[in-house]
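Novice: Provided below: upload-v4.tsv, containing TSV, C-alpha atoms.
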```
chain	number	residue	atom	x	y	z
A	1	MET	CA	109.44	114.76	61.65
A	2	GLY	CA	106.42	116.85	60.61
A	3	LYS	CA	105.21	120.38	61.16
A	4	TYR	CA	104.58	119.78	64.88
A	5	GLU	CA	108.16	118.75	65.64
A	6	ASP	CA	108.82	121.68	67.99
A	7	LEU	CA	105.61	121.09	69.92
A	8	ALA	CA	106.37	117.38	70.16
A	9	LYS	CA	109.84	118.05	71.55
A	10	ALA	CA	108.48	120.53	74.09
A	11	ILE	CA	105.82	118.09	75.31
A	12	VAL	CA	108.27	115.22	75.71
A	13	LYS	CA	110.76	117.44	77.52
A	14	ASN	CA	108.16	118.67	80.00
A	15	ILE	CA	106.51	115.36	80.82
A	16	GLY	CA	109.81	114.23	82.29
A	17	ARG	CA	111.46	113.19	79.02
A	18	LYS	CA	111.04	109.82	77.32
A	19	GLU	CA	112.46	107.95	80.31
A	20	ASN	CA	109.30	108.89	82.23
A	21	VAL	CA	106.92	107.43	79.62
A	22	ASN	CA	105.53	103.91	79.86
A	23	SER	CA	103.16	104.18	76.91
A	24	LEU	CA	101.40	106.60	74.59
A	25	THR	CA	98.16	106.37	72.63
A	26	HIS	CA	95.77	108.98	71.30
A	27	CYS	CA	92.06	109.44	70.85
A	28	ILE	CA	90.23	111.99	68.69
A	29	THR	CA	91.64	115.03	70.49
A	30	ARG	CA	94.14	113.94	73.15
A	31	LEU	CA	97.57	112.45	73.62
A	32	ARG	CA	97.16	109.83	76.33
A	33	PHE	CA	100.39	109.15	78.22
A	34	LYS	CA	100.99	106.64	80.96
A	35	LEU	CA	103.81	108.13	82.99
A	36	LYS	CA	106.04	106.47	85.51
A	37	ASP	CA	105.90	109.53	87.75
A	38	GLU	CA	103.26	112.19	87.03
A	39	SER	CA	104.89	114.57	89.49
A	40	LYS	CA	107.74	115.05	87.00
A	41	ALA	CA	105.37	116.55	84.43
A	42	LYS	CA	105.31	120.35	84.33
A	43	ASN	CA	101.58	120.87	84.05
A	44	GLU	CA	101.48	124.64	83.75
A	45	VAL	CA	104.27	124.76	81.23
A	46	ILE	CA	102.48	122.24	79.01
A	47	LYS	CA	99.10	123.97	79.39
A	48	ASN	CA	100.60	127.25	78.20
A	49	MET	CA	102.20	125.82	75.07
A	50	ASP	CA	100.96	127.03	71.71
A	51	GLY	CA	99.06	124.08	70.30
A	52	VAL	CA	97.95	122.65	73.64
A	53	VAL	CA	94.39	123.26	74.88
A	54	THR	CA	94.85	121.92	78.40
A	55	VAL	CA	96.10	118.98	80.50
A	56	MET	CA	93.89	116.43	82.23
A	57	LYS	CA	94.49	113.41	84.45
A	58	SER	CA	92.07	110.51	84.34
A	59	GLY	CA	92.13	106.73	84.66
A	60	GLY	CA	95.86	106.60	85.25
A	61	GLN	CA	96.52	108.61	82.10
A	62	TYR	CA	98.21	111.95	81.67
A	63	GLN	CA	96.17	113.52	78.88
A	64	VAL	CA	97.40	116.41	76.77
A	65	VAL	CA	94.45	117.92	74.90
A	66	ILE	CA	95.51	118.95	71.40
A	67	GLY	CA	92.45	119.05	69.14
A	68	ASN	CA	91.42	117.33	65.92
A	69	HIS	CA	94.97	117.37	64.54
A	70	VAL	CA	96.23	115.15	67.37
A	71	PRO	CA	97.20	112.30	64.97
A	72	GLU	CA	99.78	114.59	63.38
A	73	VAL	CA	101.20	115.63	66.76
A	74	TYR	CA	101.23	111.98	67.85
A	75	ALA	CA	103.22	111.09	64.72
A	76	ASP	CA	105.86	113.64	65.71
A	77	VAL	CA	105.95	112.61	69.38
A	78	MET	CA	106.40	108.87	68.84
A	79	PRO	CA	109.86	109.04	67.16
A	80	LEU	CA	111.09	110.99	70.18
A	81	LEU	CA	110.01	108.24	72.55
A	82	GLY	CA	111.77	105.51	70.60
A	83	LEU	CA	111.29	101.83	69.98
A	84	ARG	CA	111.14	101.01	73.66
A	85	ILE	CA	107.62	102.41	74.00
A	86	THR	CA	106.30	100.35	71.10
A	87	LEU	CA	107.92	97.19	72.42
A	88	ASN	CA	106.30	97.67	75.80
A	89	GLN	CA	102.88	98.39	74.31
A	90	VAL	CA	102.87	95.35	72.03
A	91	TYR	CA	104.31	92.98	74.63
A	92	ASP	CA	101.89	94.22	77.28
A	93	ARG	CA	98.98	93.55	74.92
A	94	TYR	CA	99.91	90.11	73.59
A	95	GLN	CA	102.42	88.67	76.10
A	96	LYS	CA	104.20	86.84	73.28
A	97	PRO	CA	107.91	86.87	72.29
A	98	LEU	CA	108.65	89.64	69.80
A	99	PHE	CA	110.94	89.70	66.77
A	100	ILE	CA	111.54	93.01	65.04
A	101	VAL	CA	111.95	92.06	61.40
A	102	GLU	CA	112.35	95.53	59.89
A	103	ASN	CA	113.10	98.81	61.60
A	104	GLY	CA	115.08	101.96	61.03
A	105	LEU	CA	115.75	103.58	64.37
A	106	GLY	CA	117.47	106.90	64.83
A	107	ALA	CA	117.51	107.09	68.61
A	108	LEU	CA	119.28	105.41	71.51
A	109	ASP	CA	117.09	102.80	73.20
A	110	GLU	CA	117.84	100.27	75.91
A	111	PRO	CA	114.78	98.00	76.16
A	112	ASP	CA	116.71	95.45	78.21
A	113	GLU	CA	115.50	97.15	81.39
A	114	ASP	CA	111.84	96.32	80.87
A	115	GLY	CA	111.74	92.54	80.57
A	116	VAL	CA	110.26	92.46	77.07
A	117	ASP	CA	110.84	89.03	75.52
A	118	LEU	CA	112.64	90.28	72.41
A	119	MET	CA	113.95	87.38	70.34
A	120	GLY	CA	115.85	89.41	67.76
A	121	TYR	CA	116.21	92.52	65.65
A	122	THR	CA	116.89	93.05	61.98
A	123	SER	CA	117.52	96.58	60.83
A	124	TRP	CA	116.30	98.76	58.00
A	125	ALA	CA	118.24	99.46	55.93
A	126	SER	CA	121.70	98.44	54.78
A	127	ILE	CA	122.13	101.65	52.81
A	128	ASP	CA	120.82	105.21	53.15
A	129	LEU	CA	117.69	105.62	51.08
A	130	ILE	CA	114.88	108.05	50.41
A	131	SER	CA	112.05	107.74	52.90
A	132	ALA	CA	108.98	106.30	51.23
A	133	GLY	CA	106.77	108.11	53.72
A	134	THR	CA	108.25	111.60	53.60
A	135	GLY	CA	110.59	111.61	50.60
A	136	GLU	CA	113.46	112.85	52.77
A	137	MET	CA	117.10	111.83	53.05
A	138	GLU	CA	117.64	113.48	56.43
A	139	LYS	CA	117.16	110.29	58.46
A	140	ARG	CA	120.18	108.16	57.63
A	141	TYR	CA	119.31	104.64	58.64
A	142	GLY	CA	121.85	102.78	56.56
A	143	PHE	CA	125.19	101.22	57.36
A	144	VAL	CA	126.43	102.81	54.13
A	145	TYR	CA	126.30	106.58	53.69
A	146	VAL	CA	125.01	107.89	50.37
A	147	ASP	CA	126.17	111.37	49.33
A	148	LYS	CA	122.72	112.67	48.43
A	149	GLN	CA	121.01	115.61	50.10
A	150	GLU	CA	117.44	116.81	50.61
A	151	ASP	CA	117.63	119.16	47.60
A	152	GLY	CA	118.85	116.40	45.29
A	153	ASN	CA	122.46	117.54	45.27
A	154	GLY	CA	125.27	115.09	45.85
A	155	THR	CA	127.53	112.70	44.00
A	156	GLY	CA	125.78	109.50	45.03
A	157	LYS	CA	129.09	108.16	46.37
A	158	ARG	CA	128.69	105.38	48.94
A	159	THR	CA	130.84	105.27	52.08
A	160	ARG	CA	130.81	102.68	54.86
A	161	LYS	CA	129.93	104.07	58.28
A	162	LYS	CA	131.24	102.91	61.64
A	163	SER	CA	127.99	101.00	62.02
A	164	PHE	CA	128.87	98.95	58.94
A	165	TYR	CA	131.89	97.46	60.71
A	166	TRP	CA	129.98	97.11	63.97
A	167	TYR	CA	127.20	95.11	62.30
A	168	ARG	CA	129.73	93.01	60.43
A	169	ARG	CA	131.23	91.98	63.76
A	170	VAL	CA	127.77	91.10	65.05
A	171	ILE	CA	127.27	88.85	62.02
A	172	GLU	CA	130.73	87.27	62.27
A	173	THR	CA	130.10	86.33	65.90
A	174	ASN	CA	126.49	85.29	65.26
A	175	GLY	CA	125.20	87.99	67.57
A	176	GLY	CA	127.60	86.96	70.33
A	177	SER	CA	129.82	90.06	70.43
A	178	SER	CA	129.69	91.97	73.68
A	179	LEU	CA	129.22	95.43	72.24
A	180	ASP	CA	127.96	98.77	73.41
A	181	ILE	CA	127.14	100.70	70.26
A	182	ARG	CA	126.41	104.05	71.88
A	183	ASN	CA	129.71	105.36	70.51
A	184	SER	CA	128.90	104.31	66.93
A	185	ASP	CA	126.56	105.83	64.38
A	186	ALA	CA	124.63	102.60	64.07
A	187	ALA	CA	121.14	102.87	62.61
A	188	ILE	CA	119.90	100.39	65.18
A	189	GLN	CA	120.79	102.09	68.44
A	190	VAL	CA	119.98	99.19	70.76
A	191	SER	CA	122.40	97.95	73.42
A	192	ILE	CA	123.52	94.34	73.29
A	193	ILE	CA	124.64	93.83	76.85
A	194	GLU	CA	126.31	90.43	76.55
A	195	LYS	CA	125.97	87.14	74.74
A	196	GLY	CA	122.69	85.46	75.57
A	197	LYS	CA	121.18	88.52	77.19
A	198	PHE	CA	119.07	91.09	75.36
A	199	SER	CA	116.02	92.71	76.91
A	200	GLY	CA	116.49	90.18	79.69
A	201	LYS	CA	115.55	87.27	77.41
A	202	TYR	CA	117.65	87.47	74.25
A	203	HIS	CA	117.67	84.24	72.24
A	204	LYS	CA	120.67	83.26	70.13
A	205	LEU	CA	119.77	83.24	66.45
A	206	ASN	CA	121.48	80.53	64.42
A	207	ASN	CA	120.56	82.02	61.06
A	208	ILE	CA	121.79	85.62	61.43
A	209	LYS	CA	124.90	84.88	59.41
A	210	GLU	CA	122.94	83.12	56.69
A	211	ILE	CA	120.58	86.08	56.30
A	212	PHE	CA	123.04	88.95	56.26
A	213	GLN	CA	126.43	87.56	55.34
A	214	LYS	CA	126.04	88.05	51.60
A	215	ILE	CA	124.64	91.55	52.07
A	216	LEU	CA	127.44	92.98	54.20
A	217	LEU	CA	130.48	90.74	54.05
A	218	SER	CA	130.46	90.81	50.25
A	219	TRP	CA	131.10	94.58	50.29
A	220	GLU	CA	134.86	94.17	50.53
```
Would you write out, as C-alpha cells, the structure that this file holds?

Specialist:
Amino acid sequence: MGKYEDLAKAIVKNIGRKENVNSLTHCITRLRFKLKDESKAKNEVIKNMDGVVTVMKSGGQYQVVIGNHVPEVYADVMPLLGLRITLNQVYDRYQKPLFIVENGLGALDEPDEDGVDLMGYTSWASIDLISAGTGEMEKRYGFVYVDKQEDGNGTGKRTRKKSFYWYRRVIETNGGSSLDIRNSDAAIQVSIIEKGKFSGKYHKLNNIKEIFQKILLSWE
C-alpha cells in the first residue's frame, strides 16, 4: 500500500465496504464506483475526509472527487476491493472464460457468487519474495515463509506455511479437494466450494499436477 492507504481504507469503509462495490475505475480526478446500493454510502462522511474534494452521482456512478493524484489513491483502493472486482470488470467487458495465470492475493475473495466463468487460478508465488513494484517484504504471498524483514534483517530461513500443505492437497487431488481455505494463511484466498464448481463454472484442469508437482511435492 502507498501513502494514501488510510484514505483508501476510509473510503472503502464508508461506501458500504467492498461487498457493496461492483466495479471501480478512475478518470483524471475522480474515483468512479458502481455500487450495489448507493444508500449504504455515507456521503457526508466521505465529503469531509481529508483528501476528498466532494462526492457526485452521475450516470449510475458514485464519484469521489480526489484531484490530480487520483491514480495513486486508486492504486491504494484496489487492493482493498480484491480480485473479485477485477474479475467482474474483465468478464463484463469481454464475456470470455478467464484463467488467472499469475496472482498474489492477500485478501479473502469469493467470486463464486457472481457467475464469472473462471477456468482456473495459479498463484504467485511459491515462496515469499521481495516485491518488484515496491521493494517490500510485508506482503507475504508465498507458501513458504522467508525469515527476512523490511529492514533487511533476518536469517533467510525458509519455513512451510499452512498454505503449503493446503496447496499440496489441491495438487494431489487435481483440484478436486473440497476445501474452505478461510482458516489457512493461503496466499490465494479464494474459496473452492466443491469439485467441479468454482465461480459457478469451474472447469477441471487435467494438467495442474504436471505444472506444480515438481515445485511443491519435491520439497519433502

Novice: From the list A:Glu138, A:Gly60, A:Ile15, A:Asn22, which residue is nearest Ser39 (chain A) when using all atoms listed in the file?

Specialist: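 Checking each of A:Glu138, A:Gly60, A:Ile15, A:Asn22 against Ser39 (chain A), counting all atoms listed in the file, the winner is A:Ile15.
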
Novice: Just give me the gap between CA of Val73 (chain A) and CA of Asp92 (chain A) in Å, one decimal is fine.

Specialist: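 Here the two named atoms are 23.9 Å from each other.
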
Novice: I'd like the contact shell of Ile85 (chain A) - 8 Å cut-off, only C-alpha atoms, skipping same-chain residues fewer than 4 positions apart - returned as an mmCIF file with C-alpha atoms, keeping the file's coordinate frame.

Specialist:
```
data_model
loop_
_atom_site.group_PDB
_atom_site.id
_atom_site.type_symbol
_atom_site.label_atom_id
_atom_site.label_comp_id
_atom_site.auth_asym_id
_atom_site.auth_seq_id
_atom_site.Cartn_x
_atom_site.Cartn_y
_atom_site.Cartn_z
ATOM 1 C CA VAL A 21 106.920 107.430 79.620
ATOM 2 C CA ASN A 22 105.530 103.910 79.860
ATOM 3 C CA SER A 23 103.160 104.180 76.910
ATOM 4 C CA LEU A 24 101.400 106.600 74.590
ATOM 5 C CA LEU A 81 110.010 108.240 72.550
ATOM 6 C CA GLN A 89 102.880 98.390 74.310
#
```

Novice: Give me, as a PyMOL selection string, all polymer residues having an atom no more than 10 Å from Gln149 (chain A), counting only C-alpha atoms and skipping those fewer than 6 positions away in the same chain.

Specialist: chain A and resi 130+136-138+155-156

Novice: Go ahead and save the residues from that selection, with C-alpha atoms, as a compact mmCIF listing (two decimals), in the frame of the given file.

Specialist:
```txt
# COMPACT_ATOMS: atom_id res chain seq x y z
CA ILE A 130 114.88 108.05 50.41
CA GLU A 136 113.46 112.85 52.77
CA MET A 137 117.10 111.83 53.05
CA GLU A 138 117.64 113.48 56.43
CA THR A 155 127.53 112.70 44.00
CA GLY A 156 125.78 109.50 45.03
```

Novice: May I ask which of the residues A:Thr29, A:Asn43, A:Ser126, A:Asn88 is the closest one to His69 (chain A), counting all atoms listed in the file?

Specialist: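 Of the candidates, the smallest distance to His69 (chain A) is held by A:Thr29.
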
Novice: Interatomic distance between CA of Asn20 (chain A) and CA of Lys36 (chain A)?

Specialist: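 Rounded to one decimal, the two atoms are 5.2 Å apart.
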
Novice: Name the closest residue to Ser123 (chain A) among the candidates A:Asn153, A:Phe164, A:Tyr4, A:Ile66; distances are taken between atoms, counting all atoms listed in the file.

Specialist: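 For Ser123 (chain A), the nearest of the given residues is A:Phe164.
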
Novice: Between A:Leu83, A:Ala125, A:Val170, A:Ala41, which residue has the minimum interatomic distance to Val64 (chain A), considering all atoms listed in the file?

Specialist: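 Closest to Val64 (chain A), using all atoms listed in the file: A:Ala41.
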
Novice: How many Å separate CA of Met56 (chain A) from CA of Lys18 (chain A)?

Specialist: 19.0 Å

Novice: Skipping near chain neighbours, those fewer than 5 positions away, what residues fall within 10 Å of Asp128 (chain A) using all atoms listed in the file, listed as a list in words?

Specialist: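 Counting all atoms listed in the file, the residues come to Met137, Glu138, Lys139, Arg140, Tyr141, Gly142, Phe143, Val144, Tyr145, Val146, Asp147, Lys148, Arg158 and Ala187 of chain A.
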
Novice: Name the residues in contact with Tyr62 (chain A) at a cut-off of 8 Å, using all atoms listed in the file, excluding same-chain residues fewer than 2 positions from it; report them as number ranges by chain.

Specialist: A: 32-35, 38, 55-58, 60, 64
